[in-house]
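> What follows is start_3.cif, made up of mmCIF, N, CA and C atoms; chains and numbers go by the auth columns:
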data_start
#
loop_
_atom_site.group_PDB
_atom_site.id
_atom_site.type_symbol
_atom_site.label_atom_id
_atom_site.label_comp_id
_atom_site.label_asym_id
_atom_site.label_seq_id
_atom_site.Cartn_x
_atom_site.Cartn_y
_atom_site.Cartn_z
_atom_site.B_iso_or_equiv
_atom_site.auth_seq_id
_atom_site.auth_asym_id
ATOM 1 N N MET A 1 141.852 -59.620 -25.367 0.00 27 V
ATOM 2 C CA MET A 1 142.503 -60.010 -24.137 0.00 27 V
ATOM 3 C C MET A 1 143.258 -61.317 -24.360 0.00 27 V
ATOM 4 N N ALA A 2 144.468 -61.354 -23.829 0.00 28 V
ATOM 5 C CA ALA A 2 145.279 -62.561 -23.936 0.00 28 V
ATOM 6 C C ALA A 2 144.628 -63.693 -23.156 0.00 28 V
ATOM 7 N N ARG A 3 144.714 -64.904 -23.674 0.00 29 V
ATOM 8 C CA ARG A 3 144.112 -66.038 -22.969 0.00 29 V
ATOM 9 C C ARG A 3 144.824 -66.301 -21.656 0.00 29 V
ATOM 10 N N ILE A 4 146.149 -66.252 -21.672 0.00 30 V
ATOM 11 C CA ILE A 4 146.941 -66.550 -20.485 0.00 30 V
ATOM 12 C C ILE A 4 147.609 -65.285 -19.967 0.00 30 V
ATOM 13 N N LYS A 5 147.475 -65.082 -18.663 0.00 31 V
ATOM 14 C CA LYS A 5 148.118 -63.944 -18.008 0.00 31 V
ATOM 15 C C LYS A 5 149.133 -64.487 -17.009 0.00 31 V
ATOM 16 N N VAL A 6 150.318 -63.903 -17.004 0.00 32 V
ATOM 17 C CA VAL A 6 151.325 -64.245 -16.003 0.00 32 V
ATOM 18 C C VAL A 6 150.941 -63.519 -14.719 0.00 32 V
ATOM 19 N N THR A 7 150.825 -64.262 -13.620 0.00 33 V
ATOM 20 C CA THR A 7 150.416 -63.650 -12.358 0.00 33 V
ATOM 21 C C THR A 7 151.544 -63.563 -11.341 0.00 33 V
ATOM 22 N N HIS A 8 152.672 -64.236 -11.614 0.00 34 V
ATOM 23 C CA HIS A 8 153.810 -64.143 -10.703 0.00 34 V
ATOM 24 C C HIS A 8 155.092 -64.457 -11.443 0.00 34 V
ATOM 25 N N GLN A 9 156.148 -63.711 -11.100 0.00 35 V
ATOM 26 C CA GLN A 9 157.477 -63.955 -11.651 0.00 35 V
ATOM 27 C C GLN A 9 158.455 -64.111 -10.503 0.00 35 V
ATOM 28 N N SER A 10 159.506 -64.888 -10.739 0.00 36 V
ATOM 29 C CA SER A 10 160.562 -65.020 -9.739 0.00 36 V
ATOM 30 C C SER A 10 161.414 -63.760 -9.752 0.00 36 V
ATOM 31 N N SER A 11 162.344 -63.660 -8.825 0.00 37 V
ATOM 32 C CA SER A 11 163.229 -62.491 -8.767 0.00 37 V
ATOM 33 C C SER A 11 164.118 -62.391 -10.001 0.00 37 V
ATOM 34 N N THR A 12 164.285 -63.503 -10.727 0.00 38 V
ATOM 35 C CA THR A 12 165.097 -63.491 -11.945 0.00 38 V
ATOM 36 C C THR A 12 164.262 -63.203 -13.193 0.00 38 V
ATOM 37 N N GLY A 13 162.943 -63.061 -13.014 0.00 39 V
ATOM 38 C CA GLY A 13 162.077 -62.754 -14.144 0.00 39 V
ATOM 39 C C GLY A 13 161.422 -63.958 -14.789 0.00 39 V
ATOM 40 N N ARG A 14 161.643 -65.158 -14.245 0.00 40 V
ATOM 41 C CA ARG A 14 161.001 -66.358 -14.802 0.00 40 V
ATOM 42 C C ARG A 14 159.524 -66.351 -14.422 0.00 40 V
ATOM 43 N N ASN A 15 158.668 -66.573 -15.403 0.00 41 V
ATOM 44 C CA ASN A 15 157.233 -66.658 -15.146 0.00 41 V
ATOM 45 C C ASN A 15 156.954 -67.947 -14.375 0.00 41 V
ATOM 46 N N THR A 16 156.293 -67.816 -13.213 0.00 42 V
ATOM 47 C CA THR A 16 156.095 -68.985 -12.360 0.00 42 V
ATOM 48 C C THR A 16 154.632 -69.333 -12.117 0.00 42 V
ATOM 49 N N ARG A 17 153.724 -68.389 -12.293 0.00 43 V
ATOM 50 C CA ARG A 17 152.290 -68.652 -12.102 0.00 43 V
ATOM 51 C C ARG A 17 151.511 -68.002 -13.234 0.00 43 V
ATOM 52 N N PHE A 18 150.427 -68.697 -13.635 0.00 44 V
ATOM 53 C CA PHE A 18 149.660 -68.278 -14.805 0.00 44 V
ATOM 54 C C PHE A 18 148.171 -68.359 -14.503 0.00 44 V
ATOM 55 N N HIS A 19 147.389 -67.534 -15.211 0.00 45 V
ATOM 56 C CA HIS A 19 145.930 -67.546 -15.079 0.00 45 V
ATOM 57 C C HIS A 19 145.319 -67.626 -16.470 0.00 45 V
ATOM 58 N N ASP A 20 144.416 -68.590 -16.665 0.00 46 V
ATOM 59 C CA ASP A 20 143.696 -68.722 -17.931 0.00 46 V
ATOM 60 C C ASP A 20 142.459 -67.832 -17.859 0.00 46 V
ATOM 61 N N ASN A 21 142.440 -66.771 -18.643 0.00 47 V
ATOM 62 C CA ASN A 21 141.338 -65.808 -18.626 0.00 47 V
ATOM 63 C C ASN A 21 140.047 -66.368 -19.213 0.00 47 V
ATOM 64 N N HIS A 22 140.116 -67.487 -19.930 0.00 48 V
ATOM 65 C CA HIS A 22 138.908 -68.071 -20.523 0.00 48 V
ATOM 66 C C HIS A 22 138.161 -68.976 -19.562 0.00 48 V
ATOM 67 N N ASN A 23 138.899 -69.752 -18.751 0.00 49 V
ATOM 68 C CA ASN A 23 138.215 -70.688 -17.853 0.00 49 V
ATOM 69 C C ASN A 23 138.467 -70.415 -16.372 0.00 49 V
ATOM 70 N N GLY A 24 139.258 -69.393 -16.062 0.00 50 V
ATOM 71 C CA GLY A 24 139.494 -68.993 -14.681 0.00 50 V
ATOM 72 C C GLY A 24 140.503 -69.840 -13.927 0.00 50 V
ATOM 73 N N LYS A 25 141.176 -70.754 -14.605 0.00 51 V
ATOM 74 C CA LYS A 25 142.108 -71.678 -13.957 0.00 51 V
ATOM 75 C C LYS A 25 143.436 -70.998 -13.648 0.00 51 V
ATOM 76 N N ASN A 26 143.932 -71.194 -12.416 0.00 52 V
ATOM 77 C CA ASN A 26 145.266 -70.747 -12.020 0.00 52 V
ATOM 78 C C ASN A 26 146.205 -71.936 -12.083 0.00 52 V
ATOM 79 N N MET A 27 147.433 -71.714 -12.581 0.00 53 V
ATOM 80 C CA MET A 27 148.380 -72.809 -12.767 0.00 53 V
ATOM 81 C C MET A 27 149.786 -72.380 -12.383 0.00 53 V
ATOM 82 N N THR A 28 150.546 -73.335 -11.845 0.00 54 V
ATOM 83 C CA THR A 28 151.972 -73.123 -11.663 0.00 54 V
ATOM 84 C C THR A 28 152.648 -73.317 -13.020 0.00 54 V
ATOM 85 N N ARG A 29 153.938 -73.020 -13.087 0.00 55 V
ATOM 86 C CA ARG A 29 154.675 -73.231 -14.336 0.00 55 V
ATOM 87 C C ARG A 29 154.605 -74.705 -14.725 0.00 55 V
ATOM 88 N N GLY A 30 154.818 -75.597 -13.765 0.00 56 V
ATOM 89 C CA GLY A 30 154.786 -77.036 -14.050 0.00 56 V
ATOM 90 C C GLY A 30 153.430 -77.512 -14.535 0.00 56 V
ATOM 91 N N GLN A 31 152.372 -77.012 -13.925 0.00 57 V
ATOM 92 C CA GLN A 31 151.023 -77.392 -14.353 0.00 57 V
ATOM 93 C C GLN A 31 150.747 -76.897 -15.770 0.00 57 V
ATOM 94 N N PHE A 32 151.159 -75.664 -16.061 0.00 58 V
ATOM 95 C CA PHE A 32 150.936 -75.107 -17.393 0.00 58 V
ATOM 96 C C PHE A 32 151.735 -75.885 -18.436 0.00 58 V
ATOM 97 N N VAL A 33 152.954 -76.255 -18.110 0.00 59 V
ATOM 98 C CA VAL A 33 153.773 -77.067 -19.022 0.00 59 V
ATOM 99 C C VAL A 33 153.059 -78.380 -19.332 0.00 59 V
ATOM 100 N N LYS A 34 152.517 -79.045 -18.302 0.00 60 V
ATOM 101 C CA LYS A 34 151.798 -80.312 -18.513 0.00 60 V
ATOM 102 C C LYS A 34 150.579 -80.114 -19.409 0.00 60 V
ATOM 103 N N GLU A 35 149.846 -79.032 -19.200 0.00 61 V
ATOM 104 C CA GLU A 35 148.667 -78.734 -20.021 0.00 61 V
ATOM 105 C C GLU A 35 149.052 -78.483 -21.475 0.00 61 V
ATOM 106 N N ILE A 36 150.134 -77.764 -21.690 0.00 62 V
ATOM 107 C CA ILE A 36 150.611 -77.499 -23.062 0.00 62 V
ATOM 108 C C ILE A 36 151.018 -78.814 -23.720 0.00 62 V
ATOM 109 N N ASN A 37 151.803 -79.621 -23.011 0.00 63 V
ATOM 110 C CA ASN A 37 152.271 -80.896 -23.564 0.00 63 V
ATOM 111 C C ASN A 37 151.122 -81.861 -23.831 0.00 63 V
ATOM 112 N N ALA A 38 150.016 -81.713 -23.101 0.00 64 V
ATOM 113 C CA ALA A 38 148.835 -82.568 -23.317 0.00 64 V
ATOM 114 C C ALA A 38 148.002 -82.080 -24.498 0.00 64 V
ATOM 115 N N GLY A 39 148.387 -80.948 -25.088 0.00 65 V
ATOM 116 C CA GLY A 39 147.674 -80.426 -26.249 0.00 65 V
ATOM 117 C C GLY A 39 146.493 -79.532 -25.902 0.00 65 V
ATOM 118 N N ASN A 40 146.400 -79.088 -24.655 0.00 66 V
ATOM 119 C CA ASN A 40 145.263 -78.278 -24.235 0.00 66 V
ATOM 120 C C ASN A 40 145.421 -76.788 -24.523 0.00 66 V
ATOM 121 N N TYR A 41 146.616 -76.368 -24.907 0.00 67 V
ATOM 122 C CA TYR A 41 146.873 -74.961 -25.244 0.00 67 V
ATOM 123 C C TYR A 41 147.684 -74.935 -26.534 0.00 67 V
ATOM 124 N N LYS A 42 146.986 -74.979 -27.651 0.00 68 V
ATOM 125 C CA LYS A 42 147.633 -75.139 -28.957 0.00 68 V
ATOM 126 C C LYS A 42 148.469 -73.931 -29.383 0.00 68 V
ATOM 127 N N ASN A 43 148.179 -72.750 -28.853 0.00 69 V
ATOM 128 C CA ASN A 43 148.926 -71.555 -29.253 0.00 69 V
ATOM 129 C C ASN A 43 150.161 -71.312 -28.394 0.00 69 V
ATOM 130 N N TYR A 44 150.501 -72.290 -27.556 0.00 70 V
ATOM 131 C CA TYR A 44 151.662 -72.173 -26.672 0.00 70 V
ATOM 132 C C TYR A 44 152.541 -73.393 -26.854 0.00 70 V
ATOM 133 N N SER A 45 153.825 -73.231 -26.542 0.00 71 V
ATOM 134 C CA SER A 45 154.751 -74.352 -26.610 0.00 71 V
ATOM 135 C C SER A 45 155.661 -74.297 -25.394 0.00 71 V
ATOM 136 N N VAL A 46 156.501 -75.309 -25.261 0.00 72 V
ATOM 137 C CA VAL A 46 157.419 -75.395 -24.130 0.00 72 V
ATOM 138 C C VAL A 46 158.840 -75.381 -24.670 0.00 72 V
ATOM 139 N N LYS A 47 159.664 -74.495 -24.123 0.00 73 V
ATOM 140 C CA LYS A 47 161.081 -74.439 -24.474 0.00 73 V
ATOM 141 C C LYS A 47 161.884 -74.714 -23.219 0.00 73 V
ATOM 142 N N ASN A 48 163.049 -75.316 -23.397 0.00 74 V
ATOM 143 C CA ASN A 48 163.945 -75.577 -22.281 0.00 74 V
ATOM 144 C C ASN A 48 164.840 -74.348 -22.109 0.00 74 V
ATOM 145 N N ILE A 49 164.564 -73.559 -21.075 0.00 75 V
ATOM 146 C CA ILE A 49 165.328 -72.342 -20.810 0.00 75 V
ATOM 147 C C ILE A 49 165.969 -72.486 -19.440 0.00 75 V
ATOM 148 N N GLY A 50 167.283 -72.423 -19.387 0.00 76 V
ATOM 149 C CA GLY A 50 167.985 -72.602 -18.118 0.00 76 V
ATOM 150 C C GLY A 50 167.749 -73.963 -17.514 0.00 76 V
ATOM 151 N N ASN A 51 167.661 -74.975 -18.373 0.00 77 V
ATOM 152 C CA ASN A 51 167.405 -76.364 -17.959 0.00 77 V
ATOM 153 C C ASN A 51 166.058 -76.563 -17.281 0.00 77 V
ATOM 154 N N LYS A 52 165.098 -75.652 -17.539 0.00 78 V
ATOM 155 C CA LYS A 52 163.749 -75.802 -16.994 0.00 78 V
ATOM 156 C C LYS A 52 162.744 -75.681 -18.130 0.00 78 V
ATOM 157 N N PRO A 53 161.768 -76.584 -18.204 0.00 79 V
ATOM 158 C CA PRO A 53 160.718 -76.447 -19.204 0.00 79 V
ATOM 159 C C PRO A 53 159.944 -75.163 -18.934 0.00 79 V
ATOM 160 N N THR A 54 159.832 -74.320 -19.967 0.00 80 V
ATOM 161 C CA THR A 54 159.259 -72.993 -19.802 0.00 80 V
ATOM 162 C C THR A 54 158.178 -72.744 -20.850 0.00 80 V
ATOM 163 N N PRO A 55 156.960 -72.360 -20.413 0.00 81 V
ATOM 164 C CA PRO A 55 155.891 -72.048 -21.369 0.00 81 V
ATOM 165 C C PRO A 55 156.210 -70.765 -22.150 0.00 81 V
ATOM 166 N N VAL A 56 155.973 -70.813 -23.449 0.00 82 V
ATOM 167 C CA VAL A 56 156.122 -69.636 -24.306 0.00 82 V
ATOM 168 C C VAL A 56 154.973 -69.613 -25.305 0.00 82 V
ATOM 169 N N SER A 57 154.627 -68.416 -25.771 0.00 83 V
ATOM 170 C CA SER A 57 153.620 -68.331 -26.825 0.00 83 V
ATOM 171 C C SER A 57 154.299 -68.599 -28.153 0.00 83 V
ATOM 172 N N LYS A 58 153.559 -69.220 -29.067 0.00 84 V
ATOM 173 C CA LYS A 58 154.106 -69.492 -30.393 0.00 84 V
ATOM 174 C C LYS A 58 154.209 -68.177 -31.162 0.00 84 V
ATOM 175 N N PRO A 59 155.317 -67.958 -31.848 0.00 85 V
ATOM 176 C CA PRO A 59 155.460 -66.709 -32.599 0.00 85 V
ATOM 177 C C PRO A 59 154.488 -66.653 -33.774 0.00 85 V
ATOM 178 N N ASP A 60 153.678 -65.612 -33.797 0.00 86 V
ATOM 179 C CA ASP A 60 152.771 -65.365 -34.906 0.00 86 V
ATOM 180 C C ASP A 60 152.344 -63.900 -34.843 0.00 86 V
ATOM 181 N N SER A 61 151.431 -63.507 -35.696 0.00 87 V
ATOM 182 C CA SER A 61 151.023 -62.103 -35.749 0.00 87 V
ATOM 183 C C SER A 61 149.932 -61.747 -34.743 0.00 87 V
ATOM 184 N N SER A 62 149.403 -62.739 -34.012 0.00 88 V
ATOM 185 C CA SER A 62 148.325 -62.501 -33.068 0.00 88 V
ATOM 186 C C SER A 62 148.860 -62.069 -31.706 0.00 88 V
ATOM 187 N N LYS A 63 148.224 -61.073 -31.112 0.00 89 V
ATOM 188 C CA LYS A 63 148.591 -60.661 -29.751 0.00 89 V
ATOM 189 C C LYS A 63 147.714 -61.363 -28.733 0.00 89 V
ATOM 190 N N ASN A 64 146.656 -62.058 -29.167 0.00 90 V
ATOM 191 C CA ASN A 64 145.732 -62.708 -28.243 0.00 90 V
ATOM 192 C C ASN A 64 146.320 -63.928 -27.545 0.00 90 V
ATOM 193 N N ASN A 65 147.416 -64.474 -28.064 0.00 91 V
ATOM 194 C CA ASN A 65 148.003 -65.636 -27.417 0.00 91 V
ATOM 195 C C ASN A 65 149.330 -65.313 -26.740 0.00 91 V
ATOM 196 N N ASN A 66 149.687 -64.035 -26.660 0.00 92 V
ATOM 197 C CA ASN A 66 150.906 -63.657 -25.966 0.00 92 V
ATOM 198 C C ASN A 66 150.699 -63.826 -24.466 0.00 92 V
ATOM 199 N N LEU A 67 151.773 -64.142 -23.783 0.00 93 V
ATOM 200 C CA LEU A 67 151.695 -64.225 -22.322 0.00 93 V
ATOM 201 C C LEU A 67 151.615 -62.795 -21.794 0.00 93 V
ATOM 202 N N GLY A 68 150.512 -62.479 -21.151 0.00 94 V
ATOM 203 C CA GLY A 68 150.272 -61.116 -20.682 0.00 94 V
ATOM 204 C C GLY A 68 150.725 -60.876 -19.287 0.00 94 V
#
In structure tokens, write the structure found in this file.


Amino acid sequence: MARIKVTHQSSTGRNTRFHDNHNGKNMTRGQFVKEINAGNYKNYSVKNIGNKPTPVSKPDSSKNNNLG
């Protein structure tokens, strides 16, 4: 099971809400970005997409860290 699940997307397809399946925490995009930048989610990074910081999974061979 993926650690992070996307629970809401905008009408344009941007992921806006996330759920951590390991600790039960729900996060907005901004909260998740802050957590990633603080080093709390090592398998994820932040990219600037459409001038907005956007959480993404790091490319690797594991499916467990993909945004589900």

> What is the distance between atom CA of V:Arg55 and atom CA of V:Met27, in Å to one decimal?

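Value for the atom CA of V:Arg55-atom CA of V:Met27 distance: 20.5 Å.
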
> Counting all atoms listed in the file, figure out which residue out of V:Arg40, V:Lys68, V:His34, V:His45 gets nearest to V:Ser83.

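Closest residue, counting all atoms listed in the file: V:Lys68.
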
> Between atom CA of V:Arg29 and atom CA of V:Gly65, what is the distance, to one decimal in Å?

15.2 Å

> For a test of reading the model, state the distance in Å between atom N of V:Thr33 and atom N of V:Met53, rounded to one decimal.

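According to the coordinates, atom N of V:Thr33 and atom N of V:Met53 are separated by 8.3 Å.
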
> Could you tell me which residues the PyMOL selection byres ((chain V and resi 54) around 8) grabs in this file, written as a compact mmCIF listing (two decimals) with N, CA and C atoms, in the frame of the given file?


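Final file, expr_11.txt:
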# COMPACT_ATOMS: atom_id res chain seq x y z
N ASN V 41 158.67 -66.57 -15.40
CA ASN V 41 157.23 -66.66 -15.15
C ASN V 41 156.95 -67.95 -14.38
N THR V 42 156.29 -67.82 -13.21
CA THR V 42 156.10 -68.98 -12.36
C THR V 42 154.63 -69.33 -12.12
N ARG V 43 153.72 -68.39 -12.29
CA ARG V 43 152.29 -68.65 -12.10
C ARG V 43 151.51 -68.00 -13.23
N PHE V 44 150.43 -68.70 -13.64
CA PHE V 44 149.66 -68.28 -14.80
C PHE V 44 148.17 -68.36 -14.50
N HIS V 45 147.39 -67.53 -15.21
CA HIS V 45 145.93 -67.55 -15.08
C HIS V 45 145.32 -67.63 -16.47
N LYS V 51 141.18 -70.75 -14.60
CA LYS V 51 142.11 -71.68 -13.96
C LYS V 51 143.44 -71.00 -13.65
N ASN V 52 143.93 -71.19 -12.42
CA ASN V 52 145.27 -70.75 -12.02
C ASN V 52 146.21 -71.94 -12.08
N MET V 53 147.43 -71.71 -12.58
CA MET V 53 148.38 -72.81 -12.77
C MET V 53 149.79 -72.38 -12.38
N ARG V 55 153.94 -73.02 -13.09
CA ARG V 55 154.68 -73.23 -14.34
C ARG V 55 154.60 -74.70 -14.72
N GLY V 56 154.82 -75.60 -13.76
CA GLY V 56 154.79 -77.04 -14.05
C GLY V 56 153.43 -77.51 -14.54
N GLN V 57 152.37 -77.01 -13.92
CA GLN V 57 151.02 -77.39 -14.35
C GLN V 57 150.75 -76.90 -15.77
N PHE V 58 151.16 -75.66 -16.06
CA PHE V 58 150.94 -75.11 -17.39
C PHE V 58 151.74 -75.89 -18.44
N VAL V 59 152.95 -76.26 -18.11
CA VAL V 59 153.77 -77.07 -19.02
C VAL V 59 153.06 -78.38 -19.33
N LYS V 60 152.52 -79.04 -18.30
CA LYS V 60 151.80 -80.31 -18.51
C LYS V 60 150.58 -80.11 -19.41

> Can you list, as JSON, numbers by chain, all residues belonging to chain V that DSSP tags as strand (DSSP E)?

{"V": [30, 31, 32, 33, 34, 35, 41, 42, 43, 44, 45, 46, 52, 53, 54, 70, 71, 72, 73, 74, 75, 78, 79, 80, 81, 82, 83]}

> Just asking: which residues within chain V are alpha helix (DSSP H) according to DSSP, as a PyMOL selection string?

chain V and resi 55-63

> Name the residues in contact with V:Val82 at a cut-off of 5 Å, using only N, CA and C atoms, excluding same-chain residues fewer than 3 positions from it; report them as a PyMOL selection string.

chain V and resi 70-72

> Calculate, to one decimal in Å, the centre and edge lengths of the box along x, y and z of the file that holds all listed atoms of stretch 63-82 of chain V with 3 Å of margin on each side, and present them as AutoDock Vina command-line options.


--center_x 156.6 --center_y -76.1 --center_z -23.2 --size_x 28.7 --size_y 19.0 --size_z 18.4

> Return as a ChimeraX atom specification the set of residues that the PyMOL selection byres ((chain V and resi 47) around 6) yields on the displayed structure.

/V:28-31,45-46,48-51
